[in-house]
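Structure file final_32.cif (mmCIF, C-alpha atoms) follows.
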```cif
data_input
#
loop_
_atom_site.group_PDB
_atom_site.id
_atom_site.type_symbol
_atom_site.label_atom_id
_atom_site.label_comp_id
_atom_site.auth_asym_id
_atom_site.auth_seq_id
_atom_site.Cartn_x
_atom_site.Cartn_y
_atom_site.Cartn_z
ATOM 1 C CA MET A 1 0.847 16.726 -23.037
ATOM 2 C CA ILE A 2 3.284 14.692 -20.999
ATOM 3 C CA ALA A 3 3.694 16.026 -17.474
ATOM 4 C CA GLU A 4 7.059 17.195 -16.125
ATOM 5 C CA PHE A 5 6.796 14.550 -13.423
ATOM 6 C CA SER A 6 6.425 11.803 -16.048
ATOM 7 C CA ILE A 7 9.530 13.040 -17.892
ATOM 8 C CA LEU A 8 11.509 13.237 -14.643
ATOM 9 C CA THR A 9 10.577 9.695 -13.586
ATOM 10 C CA PHE A 10 11.285 8.449 -17.122
ATOM 11 C CA PHE A 11 14.879 9.711 -16.935
ATOM 12 C CA ILE A 12 15.341 8.363 -13.398
ATOM 13 C CA GLY A 13 14.108 5.040 -14.791
ATOM 14 C CA ILE A 14 16.648 5.114 -17.645
ATOM 15 C CA PHE A 15 19.437 5.536 -15.102
ATOM 16 C CA LEU A 16 18.051 2.726 -12.908
ATOM 17 C CA GLY A 17 17.646 0.475 -15.956
ATOM 18 C CA TYR A 18 21.247 1.064 -16.960
ATOM 19 C CA VAL A 19 22.432 0.343 -13.394
ATOM 20 C CA GLY A 20 20.320 -2.825 -13.293
ATOM 21 C CA GLN A 21 21.687 -4.002 -16.634
ATOM 22 C CA ARG A 22 25.313 -3.446 -15.654
ATOM 23 C CA SER A 23 24.952 -4.941 -12.169
ATOM 24 C CA GLY A 24 22.479 -7.815 -12.506
ATOM 25 C CA MET A 25 21.010 -6.602 -9.218
ATOM 26 C CA CYS A 26 18.055 -8.623 -7.954
ATOM 27 C CA PHE A 27 16.162 -8.154 -4.691
ATOM 28 C CA ILE A 28 15.013 -11.791 -4.662
ATOM 29 C CA GLY A 29 18.238 -13.368 -5.940
ATOM 30 C CA GLY A 30 20.232 -12.348 -2.850
ATOM 31 C CA VAL A 31 18.333 -14.550 -0.418
ATOM 32 C CA ARG A 32 17.817 -17.274 -3.056
ATOM 33 C CA ASP A 33 21.564 -17.503 -3.810
ATOM 34 C CA LEU A 34 22.471 -17.382 -0.135
ATOM 35 C CA TYR A 35 20.091 -20.267 0.566
ATOM 36 C CA LEU A 36 20.925 -22.394 -2.473
ATOM 37 C CA ILE A 37 24.648 -21.830 -3.091
ATOM 38 C CA ARG A 38 25.829 -19.760 -0.079
ATOM 39 C CA ASP A 39 26.662 -16.863 -2.412
ATOM 40 C CA LYS A 40 26.555 -13.430 -0.729
ATOM 41 C CA TYR A 41 27.100 -11.224 -3.795
ATOM 42 C CA LEU A 42 23.495 -10.103 -4.456
ATOM 43 C CA ILE A 43 22.391 -9.874 -0.834
ATOM 44 C CA LYS A 44 24.986 -7.136 -0.320
ATOM 45 C CA GLY A 45 22.917 -4.993 -2.684
ATOM 46 C CA LEU A 46 19.742 -5.587 -0.662
ATOM 47 C CA ILE A 47 21.535 -4.686 2.584
ATOM 48 C CA GLY A 48 23.189 -1.666 0.937
ATOM 49 C CA CYS A 49 19.834 -0.380 -0.316
ATOM 50 C CA PHE A 50 18.265 -0.760 3.153
ATOM 51 C CA ILE A 51 21.108 0.997 4.989
ATOM 52 C CA VAL A 52 21.315 3.870 2.489
ATOM 53 C CA ALA A 53 17.525 4.336 2.658
ATOM 54 C CA LEU A 54 17.555 4.264 6.469
ATOM 55 C CA ILE A 55 20.358 6.839 6.745
ATOM 56 C CA GLY A 56 19.211 8.756 3.665
ATOM 57 C CA TYR A 57 15.657 9.404 4.878
ATOM 58 C CA ARG A 58 17.102 10.759 8.147
ATOM 59 C CA ILE A 59 19.591 13.019 6.359
ATOM 60 C CA ALA A 60 16.861 14.212 3.978
ATOM 61 C CA GLN A 61 14.691 15.023 6.980
ATOM 62 C CA LEU A 62 17.516 16.975 8.641
ATOM 63 C CA ILE A 63 18.232 19.088 5.562
ATOM 64 C CA GLY A 64 14.600 19.881 4.836
ATOM 65 C CA GLY A 65 13.604 17.140 2.406
ATOM 66 C CA ASP A 66 10.032 15.872 2.133
ATOM 67 C CA VAL A 67 9.891 12.799 4.405
ATOM 68 C CA PRO A 68 6.523 13.038 6.211
ATOM 69 C CA GLY A 69 6.097 10.960 9.345
ATOM 70 C CA PHE A 70 9.605 9.517 9.259
ATOM 71 C CA PRO A 71 10.441 7.455 11.234
ATOM 72 C CA LEU A 72 7.093 5.658 11.488
ATOM 73 C CA LEU A 73 8.479 3.649 14.445
ATOM 74 C CA LEU A 74 6.449 0.527 13.749
ATOM 75 C CA LYS A 75 3.198 2.404 13.209
ATOM 76 C CA ALA A 76 1.040 1.295 10.297
ATOM 77 C CA PRO A 77 -0.788 4.200 8.645
ATOM 78 C CA GLY A 78 -4.436 3.770 7.715
ATOM 79 C CA THR A 79 -7.426 2.295 9.490
ATOM 80 C CA GLY A 80 -7.302 -1.126 11.105
ATOM 81 C CA LEU A 81 -4.283 -3.332 11.450
ATOM 82 C CA ILE A 82 -5.324 -6.970 11.169
ATOM 83 C CA PHE A 83 -6.458 -6.923 7.528
ATOM 84 C CA PRO A 84 -3.405 -5.039 6.169
ATOM 85 C CA ILE A 85 -1.152 -7.471 8.027
ATOM 86 C CA VAL A 86 -3.005 -10.483 6.594
ATOM 87 C CA LEU A 87 -2.655 -8.977 3.104
ATOM 88 C CA SER A 88 1.028 -8.248 3.653
ATOM 89 C CA ILE A 89 1.642 -11.865 4.736
ATOM 90 C CA VAL A 90 -0.312 -13.431 1.861
ATOM 91 C CA GLY A 91 1.010 -10.929 -0.697
ATOM 92 C CA GLY A 92 4.588 -11.098 0.587
ATOM 93 C CA LEU A 93 4.772 -14.895 0.691
ATOM 94 C CA SER A 94 3.359 -15.126 -2.838
ATOM 95 C CA ILE A 95 5.696 -12.464 -4.274
ATOM 96 C CA GLY A 96 8.730 -14.248 -2.798
ATOM 97 C CA PHE A 97 7.647 -17.755 -3.761
ATOM 98 C CA PHE A 98 6.624 -16.972 -7.351
ATOM 99 C CA SER A 99 9.630 -14.700 -7.967
ATOM 100 C CA VAL A 100 12.005 -17.623 -7.342
ATOM 101 C CA PHE A 101 10.332 -19.533 -10.186
ATOM 102 C CA ALA A 102 10.148 -16.465 -12.437
ATOM 103 C CA GLY A 103 13.930 -16.042 -12.141
ATOM 104 C CA GLY A 104 14.161 -12.775 -10.211
ATOM 105 C CA CYS A 105 12.440 -9.767 -8.680
ATOM 106 C CA PRO A 106 10.264 -7.479 -10.865
ATOM 107 C CA TYR A 107 13.211 -5.062 -11.324
ATOM 108 C CA ARG A 108 15.525 -7.838 -12.538
ATOM 109 C CA MET A 109 12.822 -9.264 -14.829
ATOM 110 C CA HIS A 110 12.247 -5.862 -16.460
ATOM 111 C CA VAL A 111 15.988 -5.498 -17.066
ATOM 112 C CA MET A 112 16.141 -9.029 -18.509
ATOM 113 C CA ALA A 113 13.218 -8.151 -20.798
ATOM 114 C CA SER A 114 15.163 -5.155 -22.054
ATOM 115 C CA GLU A 115 18.097 -7.471 -22.870
ATOM 116 C CA GLY A 116 15.844 -9.405 -25.272
ATOM 117 C CA ASN A 117 14.845 -12.319 -23.039
ATOM 118 C CA VAL A 118 11.506 -13.473 -24.477
ATOM 119 C CA LYS A 119 10.387 -15.146 -21.223
ATOM 120 C CA ALA A 120 11.041 -11.898 -19.329
ATOM 121 C CA ILE A 121 9.115 -9.935 -21.987
ATOM 122 C CA ALA A 122 6.166 -12.286 -21.373
ATOM 123 C CA TYR A 123 6.594 -11.649 -17.627
ATOM 124 C CA VAL A 124 6.362 -7.877 -18.183
ATOM 125 C CA LEU A 125 3.161 -8.343 -20.232
ATOM 126 C CA GLY A 126 1.692 -10.583 -17.524
ATOM 127 C CA PHE A 127 2.712 -7.961 -14.969
ATOM 128 C CA ALA A 128 0.759 -5.242 -16.792
ATOM 129 C CA ILE A 129 -2.322 -7.410 -17.333
ATOM 130 C CA GLY A 130 -2.140 -8.447 -13.660
ATOM 131 C CA ALA A 131 -2.657 -4.800 -12.676
ATOM 132 C CA LEU A 132 -5.832 -4.591 -14.755
ATOM 133 C CA TYR A 133 -7.094 -7.910 -13.362
ATOM 134 C CA PHE A 134 -6.419 -6.733 -9.812
ATOM 135 C CA TYR A 135 -8.620 -3.647 -10.189
ATOM 136 C CA ALA A 136 -11.271 -5.354 -12.320
ATOM 137 C CA VAL A 137 -11.676 -8.450 -10.114
ATOM 138 C CA VAL A 138 -9.464 -8.888 -7.020
ATOM 139 C CA VAL A 139 -10.064 -5.492 -5.414
ATOM 140 C CA LYS A 140 -13.822 -6.222 -5.226
ATOM 141 C CA TYR A 141 -13.158 -9.363 -3.156
ATOM 142 C CA ILE A 142 -10.735 -7.468 -0.917
ATOM 143 C CA ASP A 143 -13.369 -4.768 -0.345
ATOM 144 C CA LEU A 144 -15.928 -7.499 0.399
ATOM 145 C CA LEU A 145 -13.604 -9.141 2.944
ATOM 146 C CA ILE A 146 -12.861 -5.776 4.577
ATOM 147 C CA GLY A 147 -16.628 -5.182 4.803
ATOM 148 C CA LEU A 148 -17.221 -8.616 6.362
ATOM 149 C CA THR A 149 -14.393 -8.297 8.868
ATOM 150 C CA GLY A 150 -15.211 -4.680 9.693
ATOM 151 C CA MET B 1 35.391 0.686 -31.834
ATOM 152 C CA THR B 2 35.700 -1.342 -28.668
ATOM 153 C CA VAL B 3 33.478 -0.603 -25.724
ATOM 154 C CA ARG B 4 34.829 -1.191 -22.246
ATOM 155 C CA LYS B 5 32.822 -3.872 -20.463
ATOM 156 C CA SER B 6 32.189 -1.905 -17.300
ATOM 157 C CA ARG B 7 30.339 -3.653 -14.491
ATOM 158 C CA ILE B 8 28.633 -2.207 -11.436
ATOM 159 C CA SER B 9 28.717 -4.349 -8.283
ATOM 160 C CA ALA B 10 25.440 -5.439 -6.696
ATOM 161 C CA LEU B 11 26.387 -3.517 -3.547
ATOM 162 C CA ALA B 12 26.895 -0.321 -5.562
ATOM 163 C CA ALA B 13 23.598 -0.931 -7.392
ATOM 164 C CA GLY B 14 21.750 -1.358 -4.080
ATOM 165 C CA VAL B 15 23.314 1.830 -2.731
ATOM 166 C CA ILE B 16 22.374 3.728 -5.922
ATOM 167 C CA ILE B 17 18.774 2.441 -5.839
ATOM 168 C CA GLY B 18 18.425 3.401 -2.150
ATOM 169 C CA ALA B 19 19.903 6.858 -2.793
ATOM 170 C CA ILE B 20 17.704 7.479 -5.859
ATOM 171 C CA ALA B 21 14.614 6.467 -3.850
ATOM 172 C CA VAL B 22 15.495 8.890 -1.038
ATOM 173 C CA ILE B 23 16.369 11.769 -3.396
ATOM 174 C CA GLY B 24 13.258 11.047 -5.476
ATOM 175 C CA GLN B 25 10.988 11.330 -2.455
ATOM 176 C CA GLY B 26 12.840 13.960 -0.459
ATOM 177 C CA PHE B 27 13.743 16.440 -3.179
ATOM 178 C CA LEU B 28 12.055 15.532 -6.483
ATOM 179 C CA GLY B 29 8.497 15.101 -5.224
ATOM 180 C CA VAL B 30 7.943 11.370 -5.830
ATOM 181 C CA LEU B 31 5.299 11.147 -3.077
ATOM 182 C CA PRO B 32 2.707 10.556 -1.669
ATOM 183 C CA PRO B 33 2.661 7.765 -0.642
ATOM 184 C CA PRO B 34 5.919 7.702 1.349
ATOM 185 C CA ALA B 35 8.814 5.400 0.352
ATOM 186 C CA TYR B 36 7.474 5.447 -3.232
ATOM 187 C CA GLY B 37 10.736 6.651 -4.831
ATOM 188 C CA VAL B 38 11.252 3.299 -6.571
ATOM 189 C CA CYS B 39 8.478 0.697 -6.851
ATOM 190 C CA MET B 40 8.102 -1.687 -9.780
ATOM 191 C CA VAL B 41 4.581 -2.734 -8.784
ATOM 192 C CA GLY B 42 3.234 0.733 -7.945
ATOM 193 C CA HIS B 43 4.787 2.679 -10.818
ATOM 194 C CA ALA B 44 3.802 -0.020 -13.361
ATOM 195 C CA ARG B 45 0.256 0.029 -11.927
ATOM 196 C CA ASP B 46 0.125 3.824 -12.350
ATOM 197 C CA ILE B 47 0.877 3.541 -16.083
ATOM 198 C CA VAL B 48 -1.636 0.732 -16.630
ATOM 199 C CA THR B 49 -4.459 2.386 -14.700
ATOM 200 C CA THR B 50 -3.791 5.764 -16.370
ATOM 201 C CA LEU B 51 -4.127 4.113 -19.795
ATOM 202 C CA SER B 52 -7.195 2.160 -18.678
ATOM 203 C CA ASN B 53 -8.878 5.207 -17.147
ATOM 204 C CA THR B 54 -8.132 7.285 -20.263
ATOM 205 C CA TYR B 55 -9.055 4.830 -23.014
ATOM 206 C CA LEU B 56 -11.433 2.352 -21.336
ATOM 207 C CA LYS B 57 -13.126 4.975 -19.138
ATOM 208 C CA THR B 58 -12.501 2.966 -15.975
ATOM 209 C CA GLU B 59 -11.923 4.525 -12.561
ATOM 210 C CA TYR B 60 -9.090 2.411 -11.231
ATOM 211 C CA ALA B 61 -6.939 3.715 -8.399
ATOM 212 C CA MET B 62 -3.341 4.875 -8.623
ATOM 213 C CA ALA B 63 -0.798 6.527 -6.345
ATOM 214 C CA LEU B 64 -1.815 10.060 -5.405
ATOM 215 C CA VAL B 65 1.392 11.487 -6.877
ATOM 216 C CA SER B 66 0.619 9.967 -10.286
ATOM 217 C CA ALA B 67 -3.014 11.061 -10.113
ATOM 218 C CA VAL B 68 -1.994 14.663 -9.382
ATOM 219 C CA LYS B 69 1.255 15.131 -11.318
ATOM 220 C CA GLY B 70 0.816 12.631 -14.179
ATOM 221 C CA PRO B 71 1.790 8.960 -14.365
ATOM 222 C CA SER B 72 5.270 7.924 -13.282
ATOM 223 C CA LEU B 73 7.102 6.528 -16.321
ATOM 224 C CA MET B 74 9.936 5.019 -14.251
ATOM 225 C CA VAL B 75 9.187 1.457 -15.361
ATOM 226 C CA ILE B 76 9.253 2.461 -19.059
ATOM 227 C CA GLY B 77 12.533 4.259 -18.334
ATOM 228 C CA ILE B 78 13.973 1.128 -16.727
ATOM 229 C CA LEU B 79 13.127 -0.861 -19.862
ATOM 230 C CA VAL B 80 14.748 1.803 -22.066
ATOM 231 C CA GLY B 81 17.793 2.103 -19.780
ATOM 232 C CA GLY B 82 18.210 -1.663 -19.844
ATOM 233 C CA VAL B 83 18.110 -1.683 -23.666
ATOM 234 C CA VAL B 84 20.675 1.163 -23.760
ATOM 235 C CA GLY B 85 23.022 -0.710 -21.391
ATOM 236 C CA ALA B 86 22.586 -3.993 -23.253
ATOM 237 C CA LYS B 87 23.145 -2.381 -26.686
ATOM 238 C CA ILE B 88 26.213 -0.362 -25.612
ATOM 239 C CA HIS B 89 27.871 -3.336 -23.968
ATOM 240 C CA GLY B 90 26.839 -5.969 -26.494
ATOM 241 C CA ASP B 91 24.527 -7.876 -24.146
ATOM 242 C CA PHE B 92 21.350 -7.465 -26.220
ATOM 243 C CA LYS B 93 20.245 -10.769 -27.686
ATOM 244 C CA PHE B 94 16.802 -12.214 -28.356
ATOM 245 C CA ALA B 95 16.783 -15.382 -26.266
ATOM 246 C CA ARG B 96 14.050 -17.573 -27.683
ATOM 247 C CA ALA B 97 12.138 -19.949 -25.436
ATOM 248 C CA LYS B 98 9.572 -22.728 -25.629
ATOM 249 C CA PHE B 99 5.965 -21.544 -25.707
ATOM 250 C CA LYS B 100 5.277 -23.466 -22.485
ATOM 251 C CA ASP B 101 8.046 -21.546 -20.663
ATOM 252 C CA VAL B 102 6.894 -18.206 -22.086
ATOM 253 C CA LEU B 103 3.337 -18.889 -20.910
ATOM 254 C CA ARG B 104 4.628 -19.928 -17.476
ATOM 255 C CA THR B 105 6.587 -16.686 -16.938
ATOM 256 C CA PHE B 106 3.611 -14.679 -18.262
ATOM 257 C CA MET B 107 1.462 -16.289 -15.554
ATOM 258 C CA LEU B 108 4.147 -15.689 -12.926
ATOM 259 C CA GLY B 109 4.298 -11.987 -13.866
ATOM 260 C CA PHE B 110 0.510 -11.850 -13.671
ATOM 261 C CA LEU B 111 0.453 -13.497 -10.224
ATOM 262 C CA ILE B 112 3.318 -11.393 -8.841
ATOM 263 C CA MET B 113 1.581 -8.154 -9.874
ATOM 264 C CA THR B 114 -1.743 -9.347 -8.442
ATOM 265 C CA PHE B 115 -0.231 -10.327 -5.091
ATOM 266 C CA GLY B 116 2.113 -7.318 -5.177
ATOM 267 C CA LEU B 117 -0.879 -4.988 -5.391
ATOM 268 C CA SER B 118 -2.614 -6.945 -2.602
ATOM 269 C CA TRP B 119 0.279 -5.984 -0.331
ATOM 270 C CA GLY B 120 0.947 -2.722 -2.175
ATOM 271 C CA ALA B 121 4.634 -2.887 -3.056
ATOM 272 C CA CYS B 122 7.455 -4.734 -4.830
ATOM 273 C CA PRO B 123 10.526 -6.067 -2.953
ATOM 274 C CA ILE B 124 12.388 -2.762 -3.535
ATOM 275 C CA ARG B 125 9.664 -0.578 -2.041
ATOM 276 C CA THR B 126 9.132 -3.079 0.758
ATOM 277 C CA THR B 127 12.825 -2.647 1.656
ATOM 278 C CA LEU B 128 12.452 1.153 1.499
ATOM 279 C CA TYR B 129 9.298 1.020 3.611
ATOM 280 C CA VAL B 130 11.056 -1.129 6.238
ATOM 281 C CA ALA B 131 13.749 1.572 6.403
ATOM 282 C CA TYR B 132 10.886 4.070 6.849
ATOM 283 C CA GLY B 133 9.726 2.073 9.901
ATOM 284 C CA ASN B 134 6.354 0.796 8.677
ATOM 285 C CA LEU B 135 5.074 -2.184 10.682
ATOM 286 C CA THR B 136 3.154 -3.887 7.843
ATOM 287 C CA ALA B 137 6.218 -3.507 5.606
ATOM 288 C CA ILE B 138 8.314 -5.389 8.156
ATOM 289 C CA VAL B 139 5.728 -8.197 8.146
ATOM 290 C CA ALA B 140 5.700 -8.161 4.318
ATOM 291 C CA PHE B 141 9.517 -8.122 4.170
ATOM 292 C CA ILE B 142 9.726 -11.212 6.397
ATOM 293 C CA SER B 143 6.943 -12.848 4.344
ATOM 294 C CA ILE B 144 8.653 -12.135 1.010
ATOM 295 C CA TYR B 145 11.931 -13.689 2.093
ATOM 296 C CA THR B 146 10.144 -16.613 3.764
ATOM 297 C CA GLY B 147 8.486 -17.157 0.385
ATOM 298 C CA VAL B 148 11.905 -17.003 -1.314
ATOM 299 C CA VAL B 149 13.312 -19.643 1.057
ATOM 300 C CA LEU B 150 10.253 -21.871 0.518
ATOM 301 C CA GLY B 151 10.530 -21.497 -3.262
ATOM 302 C CA SER B 152 14.269 -22.138 -3.190
ATOM 303 C CA ALA B 153 13.772 -25.219 -1.004
ATOM 304 C CA LEU B 154 11.242 -26.537 -3.513
ATOM 305 C CA LEU B 155 13.696 -25.861 -6.367
ATOM 306 C CA ARG B 156 16.434 -27.723 -4.507
ATOM 307 C CA ARG B 157 14.087 -30.627 -3.763
ATOM 308 C CA ARG B 158 13.080 -30.868 -7.442
ATOM 309 C CA ALA B 159 16.735 -30.815 -8.475
ATOM 310 C CA THR B 160 17.692 -33.619 -6.131
ATOM 311 C CA VAL B 161 14.689 -35.915 -6.780
#
```

Spell out the structure here as structure tokens.
Amino acid sequence: MIAEFSILTFFIGIFLGYVGQRSGMCFIGGVRDLYLIRDKYLIKGLIGCFIVALIGYRIAQLIGGDVPGFPLLLKAPGTGLIFPIVLSIVGGLSIGFFSVFAGGCPYRMHVMASEGNVKAIAYVLGFAIGALYFYAVVVKYIDLLIGLTG
Amino acid sequence: MTVRKSRISALAAGVIIGAIAVIGQGFLGVLPPPAYGVCMVGHARDIVTTLSNTYLKTEYAMALVSAVKGPSLMVIGILVGGVVGAKIHGDFKFARAKFKDVLRTFMLGFLIMTFGLSWGACPIRTTLYVAYGNLTAIVAFISIYTGVVLGSALLRRRATV
């Protein structure tokens, strides 16, 4: 049986997919276009998303929404700080760098796949297999490194 | 029948995505973890690990919300919503590509998911998490866009050589 939560997120996804298809929104393309061709169109979406989230979480908190710990005020939840920061630097740099060559952020690539772009469909398949590879292989090395560094 | 070619601006799309993420977390229960309202890496991972744990009997991790309430199908929905938009507005077209290019983007998708899970979020959730005030997210946000500038600089260099 499919859970209510799965159905809810599925319909939210349909709406987001439609919005992505009609807008061409890309969270990587904004900075890329600004750097390469001085075009500010896509970066407005990134800024808009950030501002709405910032104000929205506060409003949600004020009217009784579920926003635990907000604002975190530069705290990083979890144990230790050095290793998560190293992972966020390595992971972040790689996501940004490779996404430029892929042609967009994961959201944009999924929307392009749904428009029939064969390269983007291959990206989505690689994306799914990457998740399996991460848990089958990469996570063991991360655990090992965490163990070594304490 | 003619269908009006409506467009949504990138600014409006960003605002909608931010609002959906906040409403999803605050009022529709898309948490824990926090700032998980929209995440391409996390929600896609939840589907893959649910399938793997069910059919391959693995014990791979997923977001607590997906483990407790059932897997988030947001990414599947995004694919369906994209098809709906493309079909309604006449943008759906199979764009063939060389095998070499298809293999290259497959590998890029693979790498982006692997590194995305190393950090724990896609660029959308990273933006949401920065708004939430998470320190590591701010570091990741700066790293992602440093990576974009480095990649773009390499693209420009290739184009001019």

Sorted by chain and rising residue number, list the residues of chain B at most 6 Å from chain A (counting all atoms listed in the file), each with its closest atom pair and distance in Å to one decimal, as a Markdown table.
```
| residue | atom | partner | partner_atom | distance |
| --- | --- | --- | --- | --- |
| B:Arg7 | CA | A:Arg22 | CA | 5.2 |
| B:Ile8 | CA | A:Ser23 | CA | 4.6 |
| B:Ser9 | CA | A:Ser23 | CA | 5.4 |
| B:Ala10 | CA | A:Gly45 | CA | 4.8 |
| B:Leu11 | CA | A:Gly45 | CA | 3.9 |
| B:Gly14 | CA | A:Gly45 | CA | 4.1 |
| B:Val15 | CA | A:Cys49 | CA | 4.8 |
| B:Gly18 | CA | A:Cys49 | CA | 4.4 |
| B:Val22 | CA | A:Tyr57 | CA | 5.9 |
| B:Gly26 | CA | A:Asp66 | CA | 4.3 |
| B:Phe27 | CA | A:Gly65 | CA | 5.6 |
| B:Arg45 | CA | A:Ala131 | CA | 5.7 |
| B:Lys69 | CA | A:Phe5 | CA | 6.0 |
| B:Gly70 | CA | A:Ala3 | CA | 5.5 |
| B:Pro71 | CA | A:Ser6 | CA | 5.7 |
| B:Ser72 | CA | A:Ser6 | CA | 4.9 |
| B:Leu73 | CA | A:Phe10 | CA | 4.7 |
| B:Met74 | CA | A:Gly13 | CA | 4.2 |
| B:Gly77 | CA | A:Gly13 | CA | 4.0 |
| B:Ile78 | CA | A:Gly17 | CA | 3.8 |
| B:Leu79 | CA | A:Ser114 | CA | 5.2 |
| B:Val80 | CA | A:Ile14 | CA | 5.8 |
| B:Gly81 | CA | A:Ile14 | CA | 3.9 |
| B:Gly82 | CA | A:Gly17 | CA | 4.5 |
| B:Val83 | CA | A:Ser114 | CA | 4.8 |
| B:Gly85 | CA | A:Tyr18 | CA | 5.1 |
| B:Ala86 | CA | A:Glu115 | CA | 5.7 |
| B:Phe92 | CA | A:Glu115 | CA | 4.7 |
| B:Lys93 | CA | A:Gly116 | CA | 5.2 |
| B:Phe94 | CA | A:Gly116 | CA | 4.3 |
| B:Ala95 | CA | A:Asn117 | CA | 4.9 |
| B:Arg96 | CA | A:Val118 | CA | 5.8 |
| B:Val102 | CA | A:Lys119 | CA | 4.7 |
| B:Thr105 | CA | A:Tyr123 | CA | 5.1 |
| B:Phe106 | CA | A:Tyr123 | CA | 4.3 |
| B:Gly109 | CA | A:Tyr123 | CA | 4.4 |
| B:Phe110 | CA | A:Gly126 | CA | 4.2 |
| B:Ile112 | CA | A:Ile95 | CA | 5.3 |
| B:Met113 | CA | A:Phe127 | CA | 5.2 |
| B:Thr114 | CA | A:Gly130 | CA | 5.3 |
| B:Phe115 | CA | A:Gly91 | CA | 4.6 |
| B:Gly116 | CA | A:Gly91 | CA | 5.9 |
| B:Ser118 | CA | A:Gly91 | CA | 5.7 |
| B:Trp119 | CA | A:Ser88 | CA | 4.6 |
| B:Thr127 | CA | A:Phe50 | CA | 5.9 |
| B:Ala131 | CA | A:Leu54 | CA | 4.7 |
| B:Tyr132 | CA | A:Pro71 | CA | 5.6 |
| B:Gly133 | CA | A:Leu72 | CA | 4.7 |
| B:Asn134 | CA | A:Leu74 | CA | 5.1 |
| B:Leu135 | CA | A:Leu74 | CA | 4.3 |
| B:Thr136 | CA | A:Ile85 | CA | 5.6 |
| B:Ala140 | CA | A:Ser88 | CA | 4.7 |
| B:Ser143 | CA | A:Leu93 | CA | 4.7 |
| B:Ile144 | CA | A:Gly92 | CA | 4.2 |
| B:Tyr145 | CA | A:Gly96 | CA | 5.9 |
| B:Gly147 | CA | A:Phe97 | CA | 4.3 |
| B:Val148 | CA | A:Gly96 | CA | 4.5 |
| B:Gly151 | CA | A:Phe97 | CA | 4.8 |
```

Between atom CA of Gly42 of chain B and atom CA of Ala121 of chain B, what is the spacing in Å?
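Interatomic distance, atom CA of Ala121 of chain B to atom CA of Gly42 of chain B: 6.2 Å.
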
Please identify all polymer residues within 9 Å of Thr58 of chain B, counting all atoms listed in the file, omitting same-chain residues fewer than 5 positions from it, and present them as a ChimeraX atom specification.
/B:49,52-53

File of the preceding selection, C-alpha atoms, as a PDB file, in the frame of the given file:
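See out.pdb below for the written result:
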```pdb
ATOM      1  CA  THR B  49      -4.459   2.386 -14.700  1.00  0.00           C
ATOM      2  CA  SER B  52      -7.195   2.160 -18.678  1.00  0.00           C
ATOM      3  CA  ASN B  53      -8.878   5.207 -17.147  1.00  0.00           C
TER       4      ASN B  53
END
```

Point-to-point distance from atom CA of Val84 of chain B to atom CA of Ala13 of chain B, Å rounded to tenths:
16.8 Å

Separation of atom CA of Ala67 of chain B from atom CA of Ile17 of chain B, in Å and rounded to one decimal:
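Atom-to-atom, atom CA of Ala67 of chain B to atom CA of Ile17 of chain B, that is 23.8 Å.
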
Determine the residue membership of the PyMOL selection byres ((chain B and resi 35) around 7) for the file above and supply it as number ranges by chain.
B: 25, 33-34, 36-37, 125, 128-129, 132

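Counting all atoms listed in the file, the residue from A:Gly104, A:Val137, A:Phe83, A:Leu148 that sits nearest to Leu108 of chain B is A:Gly104.
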
Using only C-alpha atoms: which of B:Ile16, B:Leu31, B:Ala153, B:Val139 has the shortest distance to Ala63 of chain B:
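Answer, going by the shortest atom-to-atom distance: B:Leu31.
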
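Considering the residues B:Ala44, B:Ala21, B:Cys39, B:Val30 and counting all atoms listed in the file, Ile124 of chain B has its shortest atom-to-atom contact with B:Cys39.
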
Please put the answer as lines of an AutoDock Vina configuration file: centre and edge lengths, in Å with one decimal, of a box along x, y and z that encloses all listed atoms of segment 73-82 of chain B plus 5 Å on each side.
```
center_x = 12.7
center_y = 2.4
center_z = -18.2
size_x = 21.1
size_y = 18.2
size_z = 17.8
```
